[in-house]
Amino acid sequence: MRSMAANAVLLNELLDRIAPSHRQAFRRDYEAIRQLPGAPTDLQEFLDDFLDHCHRLYAGTAGAIWFRGPDGGPLSMKSSVGFERLGLDNGHEQAHRELLRYAMSQNRAFVVKPLSAPAPNSGVANPTDSFMVVAPIEDGGKQLGIVEIFLGPTPRRGKTIEERNRYAMWLDHLVRYLCQGVELRFLGSAAPLQPALVNLAATKSEIEGYKEAIRRSLEVTLNSYAGMSFGSLRNNQAFMRSVHELLEENGLRIACAECGAPSILRCQSAGNSKTGVFLYDHYLSTGRTFHGGPSTFPNIRLVAKPPRRRSGANDE
Ligand SMILES: [Zn+2]
């Protein structure tokens, strides 16, 4: 792995050779690639983002990332861009596969000219009319797969052999970020924090959705008893106890019809009412307060139970 200083030199040399109008786009894609390993994405999104930025950084026409199966199985394509345009399915697939196999045996990136061999006696060839930059993905001595970028018949960047060879070195450098991103997502023992936090946040909002569904369902059920009484004070109290248990289990309270504060609805005897009256029992800034007083179960609205008060008062 090249040192940071050497990379800075490499970057500046490359930038010198890129048309000034392209330098900004190049820098932008490079900066984006450097941020990708720590981004809150899963493996597939990471690979797609990586390839997308690489292919733009090279002003390429197509590209793909291949990974070897577990236990060194055959290469399979994990991400691709513009691949269908290459015409490889037109009888050139096998030749392309052989080129990839050759790349797996290399320890650094290389450039292959259109319809040419990567090296004398390599026994393989680039079956397309595109220049290619191909890099083995090697991590900790293990060959994981291949990144390949197609530059078209006349590359927009890298017009001379010397420049194209720099692009090969550059792809080796970028592959470090690819390895880092893959390690963070799968191979390392430490789970990446960012995606974990994103997952938790997603789960939290899913739970909020369930809670809201429960709240609405309970509201509908309870309001089907609006305007009713259960015949005696004792029955009304038994009903309200069950209602409160159910609400308590779900962290809910009944909004007071008078002031809107979260309250516990109770049925209590009052004056000449045989079946009692329904009262909203709640703690306001002035202390424990009862509002209301209908003689039948009222139409209600459910709200979240407020956080526990710090005083010793019992809101049960
Ligand atoms: Zn009230």
# chains A, B, ... in the order shown; residues from 1 in each chain; ligands from 1

$ residues_near_ligand --ligand "ligand 1" --cutoff "7 Å" --atoms "only C-alpha atoms and all ligand atoms" --output "number ranges by chain"
A: 256-261, 280, 282, 290-291

$ residues_around --residues "range 236-238 of chain A" --least-positions-apart "6" --cutoff "8 Å" --atoms "only C-alpha atoms" --output "PDB file with N, CA and C atoms, in the first residue's frame"
ATOM      1  N   SER A 229     -73.398   3.330  29.434  1.00  0.00           N
ATOM      2  CA  SER A 229     -73.096   3.074  30.840  1.00  0.00           C
ATOM      3  C   SER A 229     -73.311   1.579  31.024  1.00  0.00           C
ATOM      4  N   PHE A 230     -72.643   1.001  32.004  1.00  0.00           N
ATOM      5  CA  PHE A 230     -72.740  -0.462  32.146  1.00  0.00           C
ATOM      6  C   PHE A 230     -73.702  -0.863  33.265  1.00  0.00           C
ATOM      7  N   ARG A 266     -61.834   7.899  35.400  1.00  0.00           N
ATOM      8  CA  ARG A 266     -62.366   7.061  36.487  1.00  0.00           C
ATOM      9  C   ARG A 266     -63.872   7.246  36.580  1.00  0.00           C
ATOM     10  N   CYS A 267     -64.510   6.253  37.168  1.00  0.00           N
ATOM     11  CA  CYS A 267     -65.935   6.402  37.425  1.00  0.00           C
ATOM     12  C   CYS A 267     -66.125   6.481  38.934  1.00  0.00           C
ATOM     13  N   GLN A 268     -66.758   7.548  39.402  1.00  0.00           N
ATOM     14  CA  GLN A 268     -66.934   7.722  40.849  1.00  0.00           C
ATOM     15  C   GLN A 268     -68.383   8.082  41.157  1.00  0.00           C
ATOM     16  N   THR A 275     -75.219   5.375  38.722  1.00  0.00           N
ATOM     17  CA  THR A 275     -74.129   4.655  38.047  1.00  0.00           C
ATOM     18  C   THR A 275     -72.819   5.427  38.087  1.00  0.00           C
ATOM     19  N   GLY A 276     -72.801   6.570  38.813  1.00  0.00           N
ATOM     20  CA  GLY A 276     -71.578   7.340  38.961  1.00  0.00           C
ATOM     21  C   GLY A 276     -71.327   8.276  37.793  1.00  0.00           C
TER      22      GLY A 276
END

$ residues_around --residues "Ile161 in chain A" --least-positions-apart "3" --cutoff "12 Å" --atoms "only C-alpha atoms" --output "PyMOL selection string"
chain A and resi 110-113+131+155+157-158+164-168

$ select_by_dssp --residues "range 127-218 of chain A" --states "strand (DSSP E)" --output "ChimeraX atom specification"
/A:131-139,142-152

$ residues_around --residues "Pro127 in chain A" --least-positions-apart "6" --cutoff "12 Å" --atoms "only C-alpha atoms" --output "list in words"
Leu86, Gly87, Leu88, Asp89, Asn90, Gly91, His92, Glu93, Gln94, Ala95, His96, Arg97, Glu98, Leu99, Leu100, Val112, Lys113, Pro114, Leu115, Ser116, Ala117, Pro118 and Phe150 of chain A

$ residues_around --residues "Val182 in chain A" --least-positions-apart "3" --cutoff "10 Å" --atoms "only C-alpha atoms" --output "PyMOL selection string"
chain A and resi 37+42-44+46-47+139+176-179+185-188

$ write_last_selection --atoms "C-alpha atoms" --output "PDB file, in the first residue's frame"
ATOM      1  CA  PRO A  37     -16.365   3.090   3.241  1.00  0.00           C
ATOM      2  CA  ASP A  42     -25.203  -1.873   3.036  1.00  0.00           C
ATOM      3  CA  LEU A  43     -22.748  -3.898   0.960  1.00  0.00           C
ATOM      4  CA  GLN A  44     -24.730  -3.740  -2.278  1.00  0.00           C
ATOM      5  CA  PHE A  46     -21.644   0.502  -1.241  1.00  0.00           C
ATOM      6  CA  LEU A  47     -20.474  -1.520  -4.272  1.00  0.00           C
ATOM      7  CA  ASP A 139      -7.184  -7.839   0.874  1.00  0.00           C
ATOM      8  CA  ARG A 176      -7.972   0.113  -1.002  1.00  0.00           C
ATOM      9  CA  TYR A 177     -11.189   2.047  -0.313  1.00  0.00           C
ATOM     10  CA  LEU A 178     -13.207  -0.774  -1.809  1.00  0.00           C
ATOM     11  CA  CYS A 179     -11.521  -3.268   0.554  1.00  0.00           C
ATOM     12  CA  ARG A 185     -19.527  -4.282   6.209  1.00  0.00           C
ATOM     13  CA  PHE A 186     -18.720  -7.969   6.358  1.00  0.00           C
ATOM     14  CA  LEU A 187     -15.278  -9.312   6.857  1.00  0.00           C
ATOM     15  CA  GLY A 188     -14.131  -7.428   9.931  1.00  0.00           C
TER      16      GLY A 188
END

$ decode --residues "range 155-280 of chain A" --atoms "C-alpha atoms" --output "PDB file, in the first residue's frame"
ATOM      1  CA  PRO A 155     -10.348   7.061 -23.692  1.00  0.00           C
ATOM      2  CA  ARG A 156     -11.357  10.602 -22.759  1.00  0.00           C
ATOM      3  CA  ARG A 157      -8.835  10.558 -19.964  1.00  0.00           C
ATOM      4  CA  GLY A 158      -5.522   8.763 -20.294  1.00  0.00           C
ATOM      5  CA  LYS A 159      -4.651   9.297 -23.946  1.00  0.00           C
ATOM      6  CA  THR A 160      -1.032   8.102 -23.846  1.00  0.00           C
ATOM      7  CA  ILE A 161       0.384   4.786 -22.640  1.00  0.00           C
ATOM      8  CA  GLU A 162       2.132   6.545 -19.783  1.00  0.00           C
ATOM      9  CA  GLU A 163      -1.099   8.189 -18.650  1.00  0.00           C
ATOM     10  CA  ARG A 164      -3.002   4.943 -18.921  1.00  0.00           C
ATOM     11  CA  ASN A 165      -0.422   3.198 -16.780  1.00  0.00           C
ATOM     12  CA  ARG A 166      -0.945   5.866 -14.149  1.00  0.00           C
ATOM     13  CA  TYR A 167      -4.621   5.040 -14.280  1.00  0.00           C
ATOM     14  CA  ALA A 168      -3.769   1.448 -13.456  1.00  0.00           C
ATOM     15  CA  MET A 169      -1.792   2.601 -10.407  1.00  0.00           C
ATOM     16  CA  TRP A 170      -4.668   4.854  -9.514  1.00  0.00           C
ATOM     17  CA  LEU A 171      -7.174   1.959  -9.614  1.00  0.00           C
ATOM     18  CA  ASP A 172      -4.927   0.000  -7.241  1.00  0.00           C
ATOM     19  CA  HIS A 173      -5.156   2.966  -4.912  1.00  0.00           C
ATOM     20  CA  LEU A 174      -8.970   3.165  -5.167  1.00  0.00           C
ATOM     21  CA  VAL A 175      -9.301  -0.567  -4.525  1.00  0.00           C
ATOM     22  CA  ARG A 176      -7.972   0.113  -1.002  1.00  0.00           C
ATOM     23  CA  TYR A 177     -11.189   2.047  -0.313  1.00  0.00           C
ATOM     24  CA  LEU A 178     -13.207  -0.774  -1.809  1.00  0.00           C
ATOM     25  CA  CYS A 179     -11.521  -3.268   0.554  1.00  0.00           C
ATOM     26  CA  GLN A 180     -12.038  -0.958   3.499  1.00  0.00           C
ATOM     27  CA  GLY A 181     -15.750  -0.645   2.727  1.00  0.00           C
ATOM     28  CA  VAL A 182     -16.184  -4.405   2.283  1.00  0.00           C
ATOM     29  CA  GLU A 183     -14.256  -5.130   5.491  1.00  0.00           C
ATOM     30  CA  LEU A 184     -16.351  -2.672   7.466  1.00  0.00           C
ATOM     31  CA  ARG A 185     -19.527  -4.282   6.209  1.00  0.00           C
ATOM     32  CA  PHE A 186     -18.720  -7.969   6.358  1.00  0.00           C
ATOM     33  CA  LEU A 187     -15.278  -9.312   6.857  1.00  0.00           C
ATOM     34  CA  GLY A 188     -14.131  -7.428   9.931  1.00  0.00           C
ATOM     35  CA  SER A 189     -14.993  -8.524  13.436  1.00  0.00           C
ATOM     36  CA  ALA A 190     -16.140  -5.027  14.348  1.00  0.00           C
ATOM     37  CA  ALA A 191     -19.571  -4.075  13.029  1.00  0.00           C
ATOM     38  CA  PRO A 192     -19.639  -0.674  11.325  1.00  0.00           C
ATOM     39  CA  LEU A 193     -21.272   1.843  13.633  1.00  0.00           C
ATOM     40  CA  GLN A 194     -22.930   4.057  11.039  1.00  0.00           C
ATOM     41  CA  PRO A 195     -25.074   1.384   9.350  1.00  0.00           C
ATOM     42  CA  ALA A 196     -25.983   0.022  12.798  1.00  0.00           C
ATOM     43  CA  LEU A 197     -27.255   3.440  13.891  1.00  0.00           C
ATOM     44  CA  VAL A 198     -29.205   3.835  10.675  1.00  0.00           C
ATOM     45  CA  ASN A 199     -30.739   0.396  11.267  1.00  0.00           C
ATOM     46  CA  LEU A 200     -31.745   1.286  14.811  1.00  0.00           C
ATOM     47  CA  ALA A 201     -33.304   4.538  13.647  1.00  0.00           C
ATOM     48  CA  ALA A 202     -35.262   2.662  10.981  1.00  0.00           C
ATOM     49  CA  THR A 203     -36.451   0.114  13.543  1.00  0.00           C
ATOM     50  CA  LYS A 204     -37.453   2.921  15.882  1.00  0.00           C
ATOM     51  CA  SER A 205     -39.633   4.568  13.278  1.00  0.00           C
ATOM     52  CA  GLU A 206     -41.151   1.181  12.427  1.00  0.00           C
ATOM     53  CA  ILE A 207     -42.052   0.717  16.113  1.00  0.00           C
ATOM     54  CA  GLU A 208     -43.555   4.223  16.178  1.00  0.00           C
ATOM     55  CA  GLY A 209     -45.743   3.117  13.298  1.00  0.00           C
ATOM     56  CA  TYR A 210     -46.972   0.057  15.231  1.00  0.00           C
ATOM     57  CA  LYS A 211     -47.625   2.202  18.313  1.00  0.00           C
ATOM     58  CA  GLU A 212     -49.694   4.611  16.293  1.00  0.00           C
ATOM     59  CA  ALA A 213     -51.691   1.703  14.841  1.00  0.00           C
ATOM     60  CA  ILE A 214     -52.325   0.358  18.379  1.00  0.00           C
ATOM     61  CA  ARG A 215     -53.369   3.805  19.583  1.00  0.00           C
ATOM     62  CA  ARG A 216     -55.864   4.222  16.766  1.00  0.00           C
ATOM     63  CA  SER A 217     -57.221   0.699  17.158  1.00  0.00           C
ATOM     64  CA  LEU A 218     -57.813   1.194  20.911  1.00  0.00           C
ATOM     65  CA  GLU A 219     -59.411   4.568  20.271  1.00  0.00           C
ATOM     66  CA  VAL A 220     -61.875   3.030  17.810  1.00  0.00           C
ATOM     67  CA  THR A 221     -62.689   0.173  20.198  1.00  0.00           C
ATOM     68  CA  LEU A 222     -63.245   2.471  23.177  1.00  0.00           C
ATOM     69  CA  ASN A 223     -65.286   4.992  21.241  1.00  0.00           C
ATOM     70  CA  SER A 224     -67.691   2.228  20.259  1.00  0.00           C
ATOM     71  CA  TYR A 225     -68.840   2.512  23.924  1.00  0.00           C
ATOM     72  CA  ALA A 226     -69.246   6.302  23.848  1.00  0.00           C
ATOM     73  CA  GLY A 227     -72.549   7.364  25.363  1.00  0.00           C
ATOM     74  CA  MET A 228     -72.982   4.065  27.215  1.00  0.00           C
ATOM     75  CA  SER A 229     -73.096   3.074  30.840  1.00  0.00           C
ATOM     76  CA  PHE A 230     -72.740  -0.462  32.146  1.00  0.00           C
ATOM     77  CA  GLY A 231     -75.708  -0.321  34.466  1.00  0.00           C
ATOM     78  CA  SER A 232     -74.096   0.211  37.865  1.00  0.00           C
ATOM     79  CA  LEU A 233     -71.277   2.125  39.484  1.00  0.00           C
ATOM     80  CA  ARG A 234     -69.452  -1.122  40.139  1.00  0.00           C
ATOM     81  CA  ASN A 235     -69.752  -2.243  36.518  1.00  0.00           C
ATOM     82  CA  ASN A 236     -68.606   1.103  35.249  1.00  0.00           C
ATOM     83  CA  GLN A 237     -65.612   0.954  37.572  1.00  0.00           C
ATOM     84  CA  ALA A 238     -64.758  -2.586  36.453  1.00  0.00           C
ATOM     85  CA  PHE A 239     -64.878  -1.422  32.815  1.00  0.00           C
ATOM     86  CA  MET A 240     -62.643   1.579  33.553  1.00  0.00           C
ATOM     87  CA  ARG A 241     -60.112  -0.574  35.415  1.00  0.00           C
ATOM     88  CA  SER A 242     -59.768  -2.851  32.390  1.00  0.00           C
ATOM     89  CA  VAL A 243     -59.522   0.133  30.077  1.00  0.00           C
ATOM     90  CA  HIS A 244     -56.776   1.630  32.222  1.00  0.00           C
ATOM     91  CA  GLU A 245     -54.829  -1.657  32.336  1.00  0.00           C
ATOM     92  CA  LEU A 246     -54.936  -1.889  28.567  1.00  0.00           C
ATOM     93  CA  LEU A 247     -53.841   1.733  28.160  1.00  0.00           C
ATOM     94  CA  GLU A 248     -51.091   1.362  30.756  1.00  0.00           C
ATOM     95  CA  GLU A 249     -49.686  -1.672  28.912  1.00  0.00           C
ATOM     96  CA  ASN A 250     -49.436   0.442  25.785  1.00  0.00           C
ATOM     97  CA  GLY A 251     -48.115   3.636  27.372  1.00  0.00           C
ATOM     98  CA  LEU A 252     -51.327   5.535  26.687  1.00  0.00           C
ATOM     99  CA  ARG A 253     -53.644   7.929  28.518  1.00  0.00           C
ATOM    100  CA  ILE A 254     -56.991   9.511  27.765  1.00  0.00           C
ATOM    101  CA  ALA A 255     -56.879  13.191  26.839  1.00  0.00           C
ATOM    102  CA  CYS A 256     -59.033  15.251  29.177  1.00  0.00           C
ATOM    103  CA  ALA A 257     -62.098  16.566  27.304  1.00  0.00           C
ATOM    104  CA  GLU A 258     -61.810  19.844  29.153  1.00  0.00           C
ATOM    105  CA  CYS A 259     -58.102  20.716  29.143  1.00  0.00           C
ATOM    106  CA  GLY A 260     -56.518  18.089  26.887  1.00  0.00           C
ATOM    107  CA  ALA A 261     -54.032  16.890  29.533  1.00  0.00           C
ATOM    108  CA  PRO A 262     -53.266  13.149  29.636  1.00  0.00           C
ATOM    109  CA  SER A 263     -55.498  11.681  32.299  1.00  0.00           C
ATOM    110  CA  ILE A 264     -56.891   8.533  33.823  1.00  0.00           C
ATOM    111  CA  LEU A 265     -60.624   8.277  33.328  1.00  0.00           C
ATOM    112  CA  ARG A 266     -62.366   7.061  36.487  1.00  0.00           C
ATOM    113  CA  CYS A 267     -65.935   6.402  37.425  1.00  0.00           C
ATOM    114  CA  GLN A 268     -66.934   7.722  40.849  1.00  0.00           C
ATOM    115  CA  SER A 269     -70.160   8.039  42.757  1.00  0.00           C
ATOM    116  CA  ALA A 270     -71.575  11.497  42.711  1.00  0.00           C
ATOM    117  CA  GLY A 271     -74.745  12.985  44.214  1.00  0.00           C
ATOM    118  CA  ASN A 272     -77.869  11.377  42.855  1.00  0.00           C
ATOM    119  CA  SER A 273     -76.300   9.419  39.998  1.00  0.00           C
ATOM    120  CA  LYS A 274     -76.768   5.700  40.592  1.00  0.00           C
ATOM    121  CA  THR A 275     -74.129   4.655  38.047  1.00  0.00           C
ATOM    122  CA  GLY A 276     -71.578   7.340  38.961  1.00  0.00           C
ATOM    123  CA  VAL A 277     -69.881   9.966  36.803  1.00  0.00           C
ATOM    124  CA  PHE A 278     -66.802   9.720  34.589  1.00  0.00           C
ATOM    125  CA  LEU A 279     -63.984  12.003  35.727  1.00  0.00           C
ATOM    126  CA  TYR A 280     -60.641  12.873  34.150  1.00  0.00           C
TER     127      TYR A 280
END
